[in-house]
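Written below as structure tokens is the structure these notes are about.
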Amino acid sequence: MHIPDGYLSPQTYLPLYGVSFAFWAIALRKLKSELSVKHIPYLAMTAAFSFIIQMFNIPIPGGTTGHAVGAGIAALLLGPWTAVIAVSVALIIQAIVFGDGGITAIGANCFNMAVVMPFTSYWVFKLAMGKSKNLSSPLFSKGGKGGFARLSIASFLSGYIGLSISAVITAVEFGIQPIIAADADGKPLYAPYPLSVAVPVMALEHLLLFGIIEGVVTAMLLKYFLKHEPDAVYAIRGDRQ
Amino acid sequence: MTGFQKKLWIALIIMALLSPLGIILPQKFNAGDAWGEWGTDTLEKFLGYVPEGLKKMADIWKAPIADYNLGDENASFIVQIVSYIISGILGITLVGGVVYLITRLLVKKG
């Protein structure tokens with residue numbers, strides 16, 4: 001899902017740089033006013049986690065590979081705005097140091113994986129949790145009725161749908177290239193595959209495999225944190241306020 | 001640093017040590033690049049040509065550790081595996097470090 005240099009036309013990557021800049025500016029301002037010092041280590045670790053989980057390429061036998069992004073758990077632990085910063089830092093280092101994702105596509109890649117994904121994941125989680133209150137630890141003791149199952153499903157869907165939507169948005173960026181940038185003969189100048197190919201391929205591989213991995217990772221880590229350090233979990237803290 | 005946090009950092013380093021699975025498994029299952037992340041050689045094979053604009057921009061940036069590989073394109077699989085682990089640890093350090101730096105500068109609230 002890391003768009004390389006050359007796949008997006010300037011009329012696509014420049015506006016997406018603009019959008020990502022706007023989100024970074026707001027996110028940094030929110031970080032300054034809302035983040036407390038005790039949460040900084042979790043921010044750093046979540047960003048590092050997003051970096052390392054992306055190195056675990058998962059094969060579709062005989063086909064392509066993909067991976068989780070970690071933006072689902074980032075959104076639940078840190079809140080969507082702080083997650084924007086965490087995942088963006090991971091993506092920018094990947095592009096600059098490791099050539100994973102293009103330099104020109106940093107804005108696009110950050111928009112797809114560090115903006116669209118954490119916000120989708122967070123909203124899905126909130127929606128799936130509904131009005132369930134008292135999410136803090138008592139629910140987690142074995143006696144909790146139904147809450148545990150609901151939380152598992154909500155956090156799984158948060159990662160699963162977050163990654164899948166992010167993949168579809170990426171596919172749309174690929175797929176519109178032949179329409180908006182072709183030479184005189186109608187040959188594409190940048191990403192060559194049309195929407196009718198890009199969207200189904202990207203959607204299916206993420207819905208059938210990579211999204212499931214993201215969902216499982218999100219659910220497992222959220223439970224781990226709720227058990228050991230519930231105060232570090234933004235999505236639950238938010239409910240108590 | 002709390003004991004819990006220390007445990008998490010150790011878990012991240014263990015993930016870096018295991019990260020070569022991310023290149024070994026795709027090789028075992030004969031899986032290629034992620035969709036839409038092909039190099040120009042692969043595109044040429046798929047399409048019979050490389051789109052003009054794409055060709056011009058593809059190599060705009062020379063990453064210091066391109067593809068998480070410290071060797072060249074023909075590096076042996078062992079070199080790639082070792083490079084991958086080093087990249088993982090370096091990445092964790094860089095990403096964690098940059099985030100610390102940004103937040104140290106911005107966040108004052110206790």
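We label chains A, B, ... in the order they appear in the structure tokens, count residues from 1 in each chain, and number ligands from 1 in the order shown.
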Practice item. Name the residues of chain B that fall into helix (DSSP H, G or I) according to DSSP on the backbone, using the chain letters and numbers of this document, as a PyMOL selection string. Key: chain B and resi 3-18+21-28+40-47+52-58+66-68+77-106
Report as JSON lines: every residue of chain B with an atom at most 6 Å from chain A, its closest pair of atoms, and their distance in Å to one decimal, counting only C-alpha atoms, with rows sorted by chain and ascending residue number.
```
{"residue": "B:Ser19", "atom": "CA", "partner": "A:Phe56", "partner_atom": "CA", "distance": 5.8}
{"residue": "B:Gly22", "atom": "CA", "partner": "A:Phe56", "partner_atom": "CA", "distance": 3.9}
{"residue": "B:Pro26", "atom": "CA", "partner": "A:Pro59", "partner_atom": "CA", "distance": 4.7}
{"residue": "B:Phe29", "atom": "CA", "partner": "A:Pro61", "partner_atom": "CA", "distance": 4.8}
{"residue": "B:Asn30", "atom": "CA", "partner": "A:Gly62", "partner_atom": "CA", "distance": 4.9}
{"residue": "B:Ala31", "atom": "CA", "partner": "A:Gly63", "partner_atom": "CA", "distance": 4.7}
{"residue": "B:Gly32", "atom": "CA", "partner": "A:Thr64", "partner_atom": "CA", "distance": 4.8}
{"residue": "B:Asp33", "atom": "CA", "partner": "A:Thr64", "partner_atom": "CA", "distance": 5.4}
{"residue": "B:Ala34", "atom": "CA", "partner": "A:Thr65", "partner_atom": "CA", "distance": 4.6}
{"residue": "B:Pro51", "atom": "CA", "partner": "A:Leu189", "partner_atom": "CA", "distance": 4.8}
{"residue": "B:Glu52", "atom": "CA", "partner": "A:Leu189", "partner_atom": "CA", "distance": 5.2}
{"residue": "B:Gly53", "atom": "CA", "partner": "A:Leu189", "partner_atom": "CA", "distance": 4.8}
{"residue": "B:Leu54", "atom": "CA", "partner": "A:Gly6", "partner_atom": "CA", "distance": 3.9}
{"residue": "B:Met57", "atom": "CA", "partner": "A:Gly6", "partner_atom": "CA", "distance": 4.6}
{"residue": "B:Ala58", "atom": "CA", "partner": "A:Gly6", "partner_atom": "CA", "distance": 4.8}
{"residue": "B:Ala63", "atom": "CA", "partner": "A:Gly99", "partner_atom": "CA", "distance": 4.9}
{"residue": "B:Pro64", "atom": "CA", "partner": "A:Val97", "partner_atom": "CA", "distance": 5.6}
{"residue": "B:Ile65", "atom": "CA", "partner": "A:Phe98", "partner_atom": "CA", "distance": 4.8}
{"residue": "B:Ala66", "atom": "CA", "partner": "A:Phe98", "partner_atom": "CA", "distance": 4.6}
{"residue": "B:Asp67", "atom": "CA", "partner": "A:Phe98", "partner_atom": "CA", "distance": 5.6}
{"residue": "B:Tyr68", "atom": "CA", "partner": "A:Phe98", "partner_atom": "CA", "distance": 5.5}
{"residue": "B:Ile92", "atom": "CA", "partner": "A:Ala48", "partner_atom": "CA", "distance": 4.7}
{"residue": "B:Val95", "atom": "CA", "partner": "A:Ala48", "partner_atom": "CA", "distance": 5.5}
{"residue": "B:Gly96", "atom": "CA", "partner": "A:Ala44", "partner_atom": "CA", "distance": 4.6}
{"residue": "B:Val99", "atom": "CA", "partner": "A:Ala44", "partner_atom": "CA", "distance": 5.4}
{"residue": "B:Leu106", "atom": "CA", "partner": "A:Lys32", "partner_atom": "CA", "distance": 5.2}
{"residue": "B:Val107", "atom": "CA", "partner": "A:Lys32", "partner_atom": "CA", "distance": 4.9}
{"residue": "B:Lys109", "atom": "CA", "partner": "A:Ser36", "partner_atom": "CA", "distance": 5.0}
{"residue": "B:Gly110", "atom": "CA", "partner": "A:Val37", "partner_atom": "CA", "distance": 5.2}
```
Practice item. For Leu157 (chain A), please output as a VMD selection string all residues within 10 Å (counting only C-alpha atoms; exclusion window: fewer than 2 positions along the same chain). Key: chain A and resid 72 121 124 to 125 128 151 to 155 159 to 163 211 to 212 214 to 216 218 to 219
Review point. Can you tell me, as an MDAnalysis selection string, what residues are no more than 7 Å from Leu16 (chain A) when counting only C-alpha atoms, ignoring any on the same chain fewer than 6 positions away?
Key: chainID A and resid 107:108 111
Point to revise | Separation of CA of Ile23 (chain B) from CA of Ile81 (chain B), in Å and rounded to one decimal | key: 7.7 Å
Exercise for review: Tell me, as a VMD selection string, which residues lie within 9 Å of Asn69 (chain B), counting only C-alpha atoms; anything in the same chain fewer than 4 positions away does not count.
Suggested key: (chain A and resid 98) or (chain B and resid 65 73 75 79 to 84 87)
Check your understanding: Could you work out how far CA of Ala16 (chain B) lies from CA of Ile89 (chain B), giving the answer in Å with one decimal?
Key ->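 It comes out at 5.9 Å.
Across the structure, CA of Ala149 (chain A) and CA of Leu221 (chain A) are spaced 14.9 Å apart.
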Point to revise | Distance query Ile14 (chain B) at most 10 Å, only C-alpha atoms, self and fewer than 4 positions along chain excluded, as a ChimeraX atom specification | key: /B:8-10,18-19,85,88-89
Output of the above residues as a PDB file, in the first residue's frame, restricted to C-alpha atoms:
```
ATOM      1  CA  LEU B   8       6.946  -3.500  25.340  1.00  0.00           C
ATOM      2  CA  TRP B   9      10.269  -2.171  24.038  1.00  0.00           C
ATOM      3  CA  ILE B  10      11.738  -5.658  24.385  1.00  0.00           C
ATOM      4  CA  LEU B  18      11.596 -12.074  13.767  1.00  0.00           C
ATOM      5  CA  SER B  19      10.987  -9.599  10.947  1.00  0.00           C
ATOM      6  CA  ILE B  85      16.921  -7.224  11.100  1.00  0.00           C
ATOM      7  CA  GLY B  88      14.069  -3.172  11.823  1.00  0.00           C
ATOM      8  CA  ILE B  89      16.116  -2.164  14.845  1.00  0.00           C
TER       9      ILE B  89
END
```
**Study point:** Residues of region 5-239 of chain A in strand (DSSP E), written as a ChimeraX atom specification
**Key:** /A:58-59,65-66
Those selected residues, please, written with C-alpha atoms and delivered as a CSV table (one decimal), in the first residue's frame.
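Saved result, again.csv, follows:
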```
chain,number,residue,atom,x,y,z
A,58,ILE,CA,2.3,-11.6,4.3
A,59,PRO,CA,2.2,-13.6,1.1
A,65,THR,CA,2.1,-9.5,-0.6
A,66,GLY,CA,0.7,-7.1,1.9
```
Practice item. Please identify all polymer residues within 8 Å of Val84 (chain A), counting only C-alpha atoms, omitting same-chain residues fewer than 5 positions from it, and present them as a list of chain:residue names. Key: A:Phe23, A:Trp24, A:Ala27, A:Ala114, A:Val115, A:Pro118
